[in-house]
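Inspection log for the structure reproduced underneath, given as structure tokens.
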Amino acid sequence: MIRRRLPPRFFLRLFFFVAAVLLLLNFPFRFNTSGIIVQASPFITICSLLAGGIFGIGSILGVFFSAAALVRKRWFCRNICPVGFLLDCGSEIGMKKRSWWIRIPSIGRYIVIMTAAGAVFGYPLFLWLDPLSVLSNSLSVYNAEDAMSAVTQTAGIAILLLIAITSADLWCLRICPLGATQDILADIKKFFKKTAKTFKTESQEKTPLKKAFPATRRVFLAIAAGMGLGLWAKKINPVRAEEGPLRPPGAVSDDMFAGQCARCGGCMRVCPSKIIHPDMGEAGFTGFMAPIVRYRDKYCVENCNACVQICPSGALKNLNLEQKNEYVIGLAMLSAPHCLLVTGVSDCNICMRVCPFDAIQMYWDDEAYVAYPHVDMIKCNGCGACEVYCPTGDIKAIKVMKFNGQ
Amino acid sequence: MMLSIASGGLFLAGTMTPLSSLMAQGRPMAERGPQPPEPASPRYPAMLSNGKVVQPQRELEILHKTEVLVIGGGPAGTAAAFAARRLNADVALVERYGYLGGLATGGLVLAIFPLYDRENRQVILGIGEEMMQRLDDIKFGIMERNKAPVYPTVDAEAFKYVLGEMVLESGVDAFLNCWGVDAIIDSEGAVRGAVFESKSGRQAIIADVVIDATGDGDIFAAAGAAYQKVKDNIGLVSRLGNVTIQDMLDEHLQSAIGPRDDMESGMPARGMPVTAFEGHVGSPTPAPNVNWLNMKGPVGDALDVVEVSRMELMHRRALWRNLERARLRPGAEQAFIVETAPQMGVRLSRLLDGVKIITEEEMMAGARFKDVIGYSGTFANAPEFQLPYRCLVPSKLENLLAAGRCVAAEFIVADTLRLIPVCWVTGQAAGVAAVISIRDKCRLRDVNVEKLQTLLREQGAYLG
């Protein structure tokens with residue numbers, strides 16, 4: 001279609017695609033536009049709200065797109081969706097046969113239903129399947145720590161493109177939860193219309209429910225499965241102190257985090273210190289690709305709260321700068337056998353000097369006759385400055401570790 | 001036979017005295033009874049009257065007259081003396097101990113830190129660099145040279161030797177084992193010299209300019225300059241011999257245990273209080289199988305003799321306890337203490353109220369000054385920053401410059417300025433500025449900064 005005569009809609013969609021990519025990269029505006037774009041997905045808007053998440057500027061757009069889906073079927077997909085545009089372009093170069101999967105039912109609908117059901121228990125299961133999230137995540141690749149995470153971050157969009165090239169429209173029409181959300185909204189509208197009609201005309205004994213929803217039993221099964229999986233996933237997440245991964249500031253408790261996070265990679269992208277990285281399975285499979293904090297060259301600087309502002313799903317609570325500095329990422333802990341000061345190797349007091357919150361003091365222990373850096377648990381928020389500057393080499397004498405309040 | 005006696009070939013049994021010299025001079029005789037007083041000995045001892053001890057007013061012998069008088073022969077003092085002497089000034093150097101180098105040698109602060117900027121370029125050159133170059137030529141004199149960001153470590157004895165040689169070559173009049181105790185001021189309050197105590201008694205040296213490189217600022221405090229008194233940790237560094245292992249060596253790190261195991265084995269863990277340890281063996285020095293072991297020590301008042309005396313005794317006791325535990329470690333079974341530092345590691349005591357007090361913000365911003373006299377290297381998250389000449393000049397007092405760790409800075413900045421290479425920088429600048437003020441007949445605060453900088457550059461200093 002595109003090859004012969006480009007319809008005006010093509011240029012409209014191209015415009016929206018370019019705009020979405022730029023806004024996801026926070027260009028050209030100074031404030032975080034990336035979160036707004038991801039949040040504009042009706043799927044994320046609805047499920048985040050159900051999960052007790054947030055209602056941001058992007059959610060207004062999300063509601064608007066949801067409403068548009070009621071008026072015109074899949075209005076968002078046909079006009080705006082940047083991923084849809086990308087995939088359509090992809091399928092143009094591939095085989096255009098769209099035969100083999102035509103009988104498959106809409107998996108996307110069940111994904112949406114299960115996610116929404118899980119979201120009621122605070123664990124939206126498949127939030128990360130949202131196409132805007134996948135696109136956003138792939139754009140974080142330039143901040144990637146190593147090749148492995150770069151590959152994983154781009155894998156999502158690569159798989160979608162592969163699907164588009166081999167079987168056009170399979171993703172969009174059958175799997176995409178964003179599209180399915182709109183379908184469900186349309187279904188509900190149809191259902192109400194029909195019920196209203198039935199009430200008005202009091203017509204024959206046709207069951208409108210069965211027509212509106214393809215399979216009521218399956219829907220209830222999906223809801224039950226979603227709730228069950230949500231509860232189960234919450235249980236199996238590791239929450240042990242000292243072992244859990246460090247999450248970016250503002251992160252909800254770790255049993256909820258992996259579920260609420262949409263894997264959009266926004267926080268990794270905006271972090272000026274580049275300390276937020278995709279989890280490659282360190283926190284168990286449920287947390288795969290969710291952000292974790294690792295301190296290498298830089299720490300969580302005290303004059304920045306970009307990540308908490310960008311988060312579209314509410315996995316990172318929106319905190320102001322002061323609140324963010326009070327949020328406890330972890331707690332700096334000393335490994336005395338590694339400490340240059342404790343072992344008398346040198347007269348180091350670097351951790352004390354670099355701490356932005358004056359949380360580290362050099363304590364003199366008269367019994368052991370040794371001085372050591374003492375971390376004030378009240379003041380320390382785990383920003384990692386001490387760990388970054390600790391000069392001991394590969395094994396840091398002072399390290400931020402997970403701290404769950406006790 | 002007479003020939004061999006005359007050539008000193010025969011020695012008195014059990015002594016090193018050549019028989020010949022004995023014959024020539026005669027045996028020294030013990031003298032008894034009241035002796036005529038030595039010229040500068042206290043002819044007027046302190047008097048106890050009404051329960052108070054009063055020292056009568058007395059005239060002091062003027063031992064020496066010079067242009068530049070440097071009190072303190074540590075890194076700052078020696079650099080100041082050499083810098084002034086190179087400009088052909090008469091220089092006298094008064095040192096409390098029998099060797100030069102101060103804390104860098106006698107305090108066993110062997111790490112030459114911080115030398116480099118963030119790009120690992122050496123920003124501290126000049127006389128300090130010359131000292132290190134001389135150490136380069138000495139076997140086991142210095143190690144890890146020009147390996148930024150690793151810092152060089154020197155051998156204390158080699159450094160003492162090098163500084164002694166430099167004094168002998170330069171023609172600086174050095175007075176060792178002389179404790180500078182007081183300032184000499186004229187009727188206008190300007191400093192004219194200093195009083196010091198030695199085995200010869202209390203004597204004075206008159207000078208045109210006095211450089212206070214005492215570290216504690218004893219002279220400017222005595223002269224009445226304003227200062228800030230601070231307390232910092234005071235430790236006692238030592239050297240261990242016969243040690244083939246080091247703390248923090250890679251194998252040691254790799255065998256170190258994780259946080260979870262720590263708690264089970266009772267070892268100090270992350271976040272746990274530090275109670276019991278295996279003995280520490282410190283880090284290597286240029287001398288083979290000799291390590292130096294730092295000690296932070298408790299916070300104390302370096303100007304309180306009672307506190308410091310007690311502290312030093314406790315430190316020495318702790319060093320022996322540490323040695324006993326260190327001997328349990330493989331590779332240190334036969335370890336022994338080569339020496340404990342003759343001087344305790346006093347970090348900071350007095351900080352001058354200078355014309356300019358370097359602030360923490362300036363340090364963190366990598367400040368640049370018009371009257372730059374040198375750099376401090378990068379340390380922790382502070383970048384390299386410039387040192388202004390004004391931080392050596394007292395806000396009111398005339399004819400005196402501070403150099404070394406007592407220069408004008410806020411506490412956290414002084415925590416960097418107190419380090420050995422930075423003391424070289426302030427010392428060298430003070431020496432040059434003193435000579436300029438004498439030659440130009442101007443006050444120290446009016447010294448021509450461009451001239452100062454030109455002369456410093458000629459002496460190899462790095463000013464950016």
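In the structure tokens, chains take letters A, B, ... by order of appearance, with residues numbered from 1 within each chain and ligands from 1 in the order shown.
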Problem - Surrounding residues of Thr154 of chain A excluding itself and chain neighbours under 2 positions, 12 Å, only C-alpha atoms, as an NGL selection string - result: :A and (133-144 or 147-152 or 156-161 or 263-265 or 278 or 289)
Sel. of strand (DSSP E) residues, segment 259-405 of chain A, as a PDB file with N, CA, C and O atoms, in the first residue's frame:
```pdb
ATOM      1  N   ILE A 276      21.388   3.400  36.854  1.00  0.00           N
ATOM      2  CA  ILE A 276      20.235   2.498  36.792  1.00  0.00           C
ATOM      3  C   ILE A 276      20.396   1.586  35.583  1.00  0.00           C
ATOM      4  O   ILE A 276      20.620   2.051  34.468  1.00  0.00           O
ATOM      5  N   HIS A 277      20.311   0.306  35.847  1.00  0.00           N
ATOM      6  CA  HIS A 277      20.548  -0.671  34.796  1.00  0.00           C
ATOM      7  C   HIS A 277      19.428  -1.697  34.770  1.00  0.00           C
ATOM      8  O   HIS A 277      18.774  -1.924  35.786  1.00  0.00           O
ATOM      9  N   PRO A 278      19.201  -2.329  33.606  1.00  0.00           N
ATOM     10  CA  PRO A 278      18.185  -3.380  33.578  1.00  0.00           C
ATOM     11  C   PRO A 278      18.672  -4.603  34.360  1.00  0.00           C
ATOM     12  O   PRO A 278      19.835  -4.980  34.273  1.00  0.00           O
ATOM     13  N   PRO A 291      14.430  -2.013  36.618  1.00  0.00           N
ATOM     14  CA  PRO A 291      15.658  -1.267  36.912  1.00  0.00           C
ATOM     15  C   PRO A 291      16.263  -1.652  38.259  1.00  0.00           C
ATOM     16  O   PRO A 291      15.545  -1.819  39.243  1.00  0.00           O
ATOM     17  N   ILE A 292      17.561  -1.797  38.278  1.00  0.00           N
ATOM     18  CA  ILE A 292      18.286  -1.932  39.537  1.00  0.00           C
ATOM     19  C   ILE A 292      19.422  -0.903  39.528  1.00  0.00           C
ATOM     20  O   ILE A 292      19.848  -0.447  38.469  1.00  0.00           O
ATOM     21  N   VAL A 293      19.873  -0.575  40.707  1.00  0.00           N
ATOM     22  CA  VAL A 293      20.906   0.455  40.849  1.00  0.00           C
ATOM     23  C   VAL A 293      22.227  -0.227  41.130  1.00  0.00           C
ATOM     24  O   VAL A 293      22.330  -1.096  41.988  1.00  0.00           O
ATOM     25  N   LEU A 331      21.686   1.076  52.499  1.00  0.00           N
ATOM     26  CA  LEU A 331      22.462   1.599  53.612  1.00  0.00           C
ATOM     27  C   LEU A 331      23.930   1.271  53.353  1.00  0.00           C
ATOM     28  O   LEU A 331      24.261   0.152  53.000  1.00  0.00           O
ATOM     29  N   ALA A 332      24.776   2.274  53.533  1.00  0.00           N
ATOM     30  CA  ALA A 332      26.213   2.042  53.349  1.00  0.00           C
ATOM     31  C   ALA A 332      26.720   1.182  54.487  1.00  0.00           C
ATOM     32  O   ALA A 332      26.460   1.459  55.654  1.00  0.00           O
ATOM     33  N   MET A 333      27.401   0.111  54.130  1.00  0.00           N
ATOM     34  CA  MET A 333      27.932  -0.767  55.157  1.00  0.00           C
ATOM     35  C   MET A 333      29.416  -0.979  54.929  1.00  0.00           C
ATOM     36  O   MET A 333      29.896  -1.068  53.807  1.00  0.00           O
ATOM     37  N   LEU A 334      30.116  -1.102  56.033  1.00  0.00           N
ATOM     38  CA  LEU A 334      31.571  -1.203  55.980  1.00  0.00           C
ATOM     39  C   LEU A 334      32.000  -2.655  56.047  1.00  0.00           C
ATOM     40  O   LEU A 334      31.469  -3.443  56.816  1.00  0.00           O
ATOM     41  N   ILE A 360      28.670   9.971  57.388  1.00  0.00           N
ATOM     42  CA  ILE A 360      29.819   9.142  57.768  1.00  0.00           C
ATOM     43  C   ILE A 360      30.765   9.962  58.635  1.00  0.00           C
ATOM     44  O   ILE A 360      31.150  11.068  58.271  1.00  0.00           O
ATOM     45  N   GLN A 361      31.080   9.426  59.765  1.00  0.00           N
ATOM     46  CA  GLN A 361      32.060  10.042  60.652  1.00  0.00           C
ATOM     47  C   GLN A 361      33.120   9.001  60.969  1.00  0.00           C
ATOM     48  O   GLN A 361      32.845   7.808  60.982  1.00  0.00           O
ATOM     49  N   MET A 362      34.325   9.476  61.224  1.00  0.00           N
ATOM     50  CA  MET A 362      35.386   8.549  61.609  1.00  0.00           C
ATOM     51  C   MET A 362      35.296   8.335  63.118  1.00  0.00           C
ATOM     52  O   MET A 362      35.493   9.269  63.888  1.00  0.00           O
ATOM     53  N   TYR A 363      34.976   7.134  63.498  1.00  0.00           N
ATOM     54  CA  TYR A 363      34.870   6.823  64.913  1.00  0.00           C
ATOM     55  C   TYR A 363      36.158   6.165  65.388  1.00  0.00           C
ATOM     56  O   TYR A 363      36.744   5.361  64.684  1.00  0.00           O
ATOM     57  N   TRP A 364      36.532   6.526  66.563  1.00  0.00           N
ATOM     58  CA  TRP A 364      37.716   5.893  67.156  1.00  0.00           C
ATOM     59  C   TRP A 364      37.242   4.885  68.187  1.00  0.00           C
ATOM     60  O   TRP A 364      36.517   5.235  69.118  1.00  0.00           O
ATOM     61  N   ASP A 365      37.637   3.653  67.989  1.00  0.00           N
ATOM     62  CA  ASP A 365      37.266   2.603  68.928  1.00  0.00           C
ATOM     63  C   ASP A 365      38.447   2.352  69.855  1.00  0.00           C
ATOM     64  O   ASP A 365      39.479   1.830  69.437  1.00  0.00           O
ATOM     65  N   VAL A 370      41.346   1.277  66.946  1.00  0.00           N
ATOM     66  CA  VAL A 370      41.309   1.454  65.505  1.00  0.00           C
ATOM     67  C   VAL A 370      40.204   2.455  65.174  1.00  0.00           C
ATOM     68  O   VAL A 370      39.213   2.560  65.899  1.00  0.00           O
ATOM     69  N   ALA A 371      40.415   3.219  64.127  1.00  0.00           N
ATOM     70  CA  ALA A 371      39.385   4.145  63.654  1.00  0.00           C
ATOM     71  C   ALA A 371      38.684   3.523  62.465  1.00  0.00           C
ATOM     72  O   ALA A 371      39.292   2.797  61.690  1.00  0.00           O
ATOM     73  N   TYR A 372      37.402   3.779  62.368  1.00  0.00           N
ATOM     74  CA  TYR A 372      36.674   3.236  61.230  1.00  0.00           C
ATOM     75  C   TYR A 372      35.546   4.187  60.847  1.00  0.00           C
ATOM     76  O   TYR A 372      35.059   4.948  61.678  1.00  0.00           O
ATOM     77  N   PRO A 373      35.143   4.143  59.578  1.00  0.00           N
ATOM     78  CA  PRO A 373      34.031   4.991  59.162  1.00  0.00           C
ATOM     79  C   PRO A 373      32.728   4.464  59.749  1.00  0.00           C
ATOM     80  O   PRO A 373      32.417   3.284  59.595  1.00  0.00           O
ATOM     81  N   HIS A 374      32.031   5.317  60.437  1.00  0.00           N
ATOM     82  CA  HIS A 374      30.775   4.917  61.056  1.00  0.00           C
ATOM     83  C   HIS A 374      29.632   5.581  60.303  1.00  0.00           C
ATOM     84  O   HIS A 374      29.621   6.790  60.108  1.00  0.00           O
ATOM     85  N   VAL A 375      28.682   4.762  59.877  1.00  0.00           N
ATOM     86  CA  VAL A 375      27.582   5.272  59.061  1.00  0.00           C
ATOM     87  C   VAL A 375      26.385   5.571  59.957  1.00  0.00           C
ATOM     88  O   VAL A 375      25.923   4.706  60.701  1.00  0.00           O
ATOM     89  N   ILE A 398      33.395   0.006  51.514  1.00  0.00           N
ATOM     90  CA  ILE A 398      32.090   0.507  51.936  1.00  0.00           C
ATOM     91  C   ILE A 398      31.156   0.365  50.749  1.00  0.00           C
ATOM     92  O   ILE A 398      31.511   0.684  49.627  1.00  0.00           O
ATOM     93  N   LYS A 399      29.983  -0.198  51.034  1.00  0.00           N
ATOM     94  CA  LYS A 399      29.102  -0.607  49.939  1.00  0.00           C
ATOM     95  C   LYS A 399      27.666  -0.400  50.384  1.00  0.00           C
ATOM     96  O   LYS A 399      27.327  -0.643  51.540  1.00  0.00           O
ATOM     97  N   VAL A 400      26.855   0.058  49.453  1.00  0.00           N
ATOM     98  CA  VAL A 400      25.436   0.239  49.770  1.00  0.00           C
ATOM     99  C   VAL A 400      24.739  -1.106  49.617  1.00  0.00           C
ATOM    100  O   VAL A 400      24.867  -1.762  48.590  1.00  0.00           O
ATOM    101  N   MET A 401      24.048  -1.488  50.658  1.00  0.00           N
ATOM    102  CA  MET A 401      23.334  -2.753  50.602  1.00  0.00           C
ATOM    103  C   MET A 401      21.874  -2.530  50.920  1.00  0.00           C
ATOM    104  O   MET A 401      21.510  -1.556  51.552  1.00  0.00           O
TER     105      MET A 401
END
```
Handout entry: Nearest candidate to chain A (options B:Arg405, B:Arg85, B:Arg325, B:Lys356; using only C-alpha atoms)
Key =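 The answer is B:Arg325, which sits nearest to chain A.
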Exercise for the section: Considering only C-alpha atoms, state which residue in the set B:Arg58, B:His280, B:Arg121, B:Arg439 is at the smallest distance from chain A. Expected result: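 Smallest separation from chain A among the options: B:His280.
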Practice task
Have a look at atom CA of Val68 of chain B and atom CA of Gly464 of chain B and let me know their distance in Å, one decimal.
Solution key: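 Separation between atom CA of Val68 of chain B and atom CA of Gly464 of chain B: 27.5 Å.
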Exercise for the section: Determine the nearest neighbour of Pro356 of chain A from the options A:Thr392, A:Ser106, A:Gln323, A:Asn303, counting only C-alpha atoms. Expected result: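 Closest candidate: A:Asn303.
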Exercise for the section: Name the closest residue to chain B among the candidates A:Met377, A:Cys390, A:Ala315, A:Ala368; distances are taken between atoms, counting only C-alpha atoms. Expected result: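 Closest candidate: A:Ala368.
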Practice task
Report the distance between atom CA of Leu125 of chain A and atom CA of Gly35 of chain A in Å, rounded to one decimal place.
Solution key: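 Pair atom CA of Leu125 of chain A / atom CA of Gly35 of chain A returns 19.6 Å.
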Exercise for the section: One decimal, Å: what's the distance from atom CA of Gly279 of chain B over to atom CA of Gly107 of chain B, could you say? Expected result: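 Computing the Euclidean distance for atom CA of Gly279 of chain B and atom CA of Gly107 of chain B yields 21.2 Å.
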Practice task
Name the residues in contact with segment 366-371 of chain B at a cut-off of 9 Å, using only C-alpha atoms, excluding same-chain residues fewer than 6 positions from it; report them as an MDAnalysis selection string.
Solution key: chainID B and resid 378 382:390 449:450 452:453
Kindly export the residues of the current selection with C-alpha atoms, as a PDB file, in the first residue's frame.
```pdb
ATOM      1  CA  THR B 378      42.850  15.999  43.656  1.00  0.00           C
ATOM      2  CA  ALA B 382      37.626  17.486  45.475  1.00  0.00           C
ATOM      3  CA  PRO B 383      39.399  18.392  42.255  1.00  0.00           C
ATOM      4  CA  GLU B 384      42.866  19.896  42.114  1.00  0.00           C
ATOM      5  CA  PHE B 385      42.680  23.514  43.254  1.00  0.00           C
ATOM      6  CA  GLN B 386      44.964  26.489  43.397  1.00  0.00           C
ATOM      7  CA  LEU B 387      46.479  27.920  46.532  1.00  0.00           C
ATOM      8  CA  PRO B 388      46.556  31.712  46.887  1.00  0.00           C
ATOM      9  CA  TYR B 389      49.569  33.529  48.294  1.00  0.00           C
ATOM     10  CA  ARG B 390      47.253  35.369  50.688  1.00  0.00           C
ATOM     11  CA  VAL B 449      52.580  38.662  42.906  1.00  0.00           C
ATOM     12  CA  GLU B 450      53.789  38.531  39.293  1.00  0.00           C
ATOM     13  CA  LEU B 452      56.612  35.858  42.991  1.00  0.00           C
ATOM     14  CA  GLN B 453      55.030  33.728  40.316  1.00  0.00           C
TER      15      GLN B 453
END
```
Handout entry: Selection near Ile71 of chain B, 6 Å with only C-alpha atoms, sequence-local residues under 6 positions removed, as a VMD selection string
Key = chain B and resid 94 212 to 214
Practice task
Name all residues at most 10 Å from Ala430 of chain B (count only C-alpha atoms; drop same-chain ones fewer than 5 positions away) and give them as a ChimeraX atom specification.
Solution key: /B:70,76-77,79-81,83-84,210-213,373,389,392-393,400-404,424-425,435-436,444,452
Problem - Proximity to chain A - best of B:Val91, B:Leu163, B:Ile124, B:Ile412, only C-alpha atoms - result: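 Result for the nearest residue to chain A: B:Ile412.
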Practice task
Quick one: pick out all helix (DSSP H, G or I) residues within segment 69-308 of chain A from a backbone DSSP run and write them as a PyMOL selection string.
Solution key: chain A and resi 69-71+75-79+82-93+107-120+127-129+131-143+147-166+170-175+177-201+208-212+216-236+254-260+266-270+285-287+306-308
Practice task
Find the residues near Ser198 of chain B: any atom within 12 Å, counting only C-alpha atoms, skip ones fewer than 4 places away on the same chain, and give them as a list in words.
Solution key: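 Contacts, with the query itself left out: Ala40, Ser41, Pro42, Leu63, Val94, Glu95, Arg96, Tyr97, Gly98, Phe175, Leu176, Asn177, Cys178, Trp179, Gly180, Val181, Arg202, Gln203 and Ala204 of chain B.
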Could you please take those selected residues and save N, CA, C and O atoms as a CSV table (one decimal), in the first residue's frame?
```
chain,number,residue,atom,x,y,z
B,40,ALA,N,74.8,31.4,77.6
B,40,ALA,CA,73.3,31.5,77.4
B,40,ALA,C,72.5,30.7,78.4
B,40,ALA,O,71.3,30.6,78.2
B,41,SER,N,73.2,30.1,79.3
B,41,SER,CA,72.4,29.3,80.2
B,41,SER,C,71.6,30.1,81.2
B,41,SER,O,71.9,31.3,81.4
B,42,PRO,N,70.5,29.6,81.7
B,42,PRO,CA,69.6,30.4,82.5
B,42,PRO,C,70.3,30.9,83.8
B,42,PRO,O,70.3,30.2,84.8
B,63,LEU,N,72.2,34.4,68.9
B,63,LEU,CA,73.1,33.4,68.4
B,63,LEU,C,73.5,33.7,66.9
B,63,LEU,O,74.6,33.5,66.5
B,94,VAL,N,65.7,26.4,61.7
B,94,VAL,CA,65.7,25.9,63.1
B,94,VAL,C,64.8,24.6,63.2
B,94,VAL,O,63.6,24.7,62.8
B,95,GLU,N,65.3,23.5,63.6
B,95,GLU,CA,64.6,22.3,63.6
B,95,GLU,C,64.6,21.7,65.0
B,95,GLU,O,65.6,21.6,65.6
B,96,ARG,N,63.5,21.2,65.5
B,96,ARG,CA,63.3,20.7,66.8
B,96,ARG,C,64.0,19.3,67.0
B,96,ARG,O,64.5,19.0,68.1
B,97,TYR,N,64.1,18.5,66.0
B,97,TYR,CA,64.7,17.2,66.1
B,97,TYR,C,66.1,17.2,65.5
B,97,TYR,O,66.5,18.2,64.9
B,98,GLY,N,66.7,16.1,65.5
B,98,GLY,CA,68.1,16.0,65.0
B,98,GLY,C,68.1,15.6,63.5
B,98,GLY,O,69.2,15.3,63.0
B,175,PHE,N,70.1,24.7,62.3
B,175,PHE,CA,70.2,24.6,63.8
B,175,PHE,C,69.3,23.4,64.2
B,175,PHE,O,68.1,23.6,64.2
B,176,LEU,N,69.9,22.3,64.5
B,176,LEU,CA,69.1,21.1,64.8
B,176,LEU,C,69.0,21.0,66.3
B,176,LEU,O,69.7,21.6,67.1
B,177,ASN,N,68.0,20.2,66.7
B,177,ASN,CA,67.7,20.0,68.1
B,177,ASN,C,67.4,21.3,68.8
B,177,ASN,O,67.8,21.6,70.0
B,178,CYS,N,66.8,22.2,68.1
B,178,CYS,CA,66.5,23.5,68.6
B,178,CYS,C,65.0,23.7,68.5
B,178,CYS,O,64.4,23.6,67.4
B,179,TRP,N,64.4,23.9,69.6
B,179,TRP,CA,62.9,24.0,69.6
B,179,TRP,C,62.5,25.5,69.7
B,179,TRP,O,62.7,26.2,70.7
B,180,GLY,N,62.0,25.9,68.5
B,180,GLY,CA,61.5,27.3,68.4
B,180,GLY,C,60.3,27.6,69.4
B,180,GLY,O,59.3,26.9,69.3
B,181,VAL,N,60.5,28.5,70.3
B,181,VAL,CA,59.5,28.6,71.4
B,181,VAL,C,58.8,29.9,71.4
B,181,VAL,O,57.7,30.0,72.0
B,202,ARG,N,68.5,29.1,76.1
B,202,ARG,CA,67.5,29.9,75.4
B,202,ARG,C,68.3,31.0,74.6
B,202,ARG,O,69.0,31.8,75.2
B,203,GLN,N,68.1,30.9,73.3
B,203,GLN,CA,68.9,31.8,72.4
B,203,GLN,C,67.9,32.4,71.4
B,203,GLN,O,66.8,32.0,71.2
B,204,ALA,N,68.4,33.5,70.7
B,204,ALA,CA,67.6,34.2,69.8
B,204,ALA,C,68.3,34.2,68.4
B,204,ALA,O,69.5,34.2,68.3
```
Exercise for the section: Write out as a VMD selection string each polymer residue whose atoms come within 10 Å of Gly314 of chain A, counting only C-alpha atoms; drop sequence neighbours fewer than 5 positions from it. Expected result: chain A and resid 39 48 to 49 51 to 56 250 to 252 257 260 to 262 308 to 309
Could those selected residues go to a file with C-alpha atoms, as a short mmCIF file (atom, residue, chain, number, x, y, z; two decimals), in the first residue's frame?
```
data_model
loop_
_atom_site.label_atom_id
_atom_site.label_comp_id
_atom_site.auth_asym_id
_atom_site.auth_seq_id
_atom_site.Cartn_x
_atom_site.Cartn_y
_atom_site.Cartn_z
CA GLN A 39 1.79 6.68 30.29
CA SER A 48 -1.45 1.36 36.77
CA LEU A 49 -4.54 2.97 38.17
CA ALA A 51 -2.62 -1.26 40.83
CA GLY A 52 -2.88 1.82 42.97
CA GLY A 53 -0.36 3.62 40.84
CA ILE A 54 -0.38 7.14 39.64
CA PHE A 55 -2.45 9.42 37.51
CA GLY A 56 -0.08 11.72 35.66
CA GLY A 250 11.02 6.17 45.09
CA ALA A 251 10.64 2.47 44.31
CA VAL A 252 7.62 0.83 45.88
CA PHE A 257 8.07 -3.33 42.26
CA GLN A 260 4.34 -2.33 38.75
CA CYS A 261 7.34 -1.55 36.61
CA ALA A 262 6.43 -1.29 32.93
CA VAL A 308 11.05 9.38 39.96
CA GLN A 309 9.49 12.05 37.77
#
```
Practice task
Return the single residue from B:Pro45, B:Pro330, B:Gly345, B:Gly126 that is closest to chain A, with distances computed using only C-alpha atoms.
Solution key: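 Ranking B:Pro45, B:Pro330, B:Gly345, B:Gly126 by distance to chain A, first place goes to B:Gly345.
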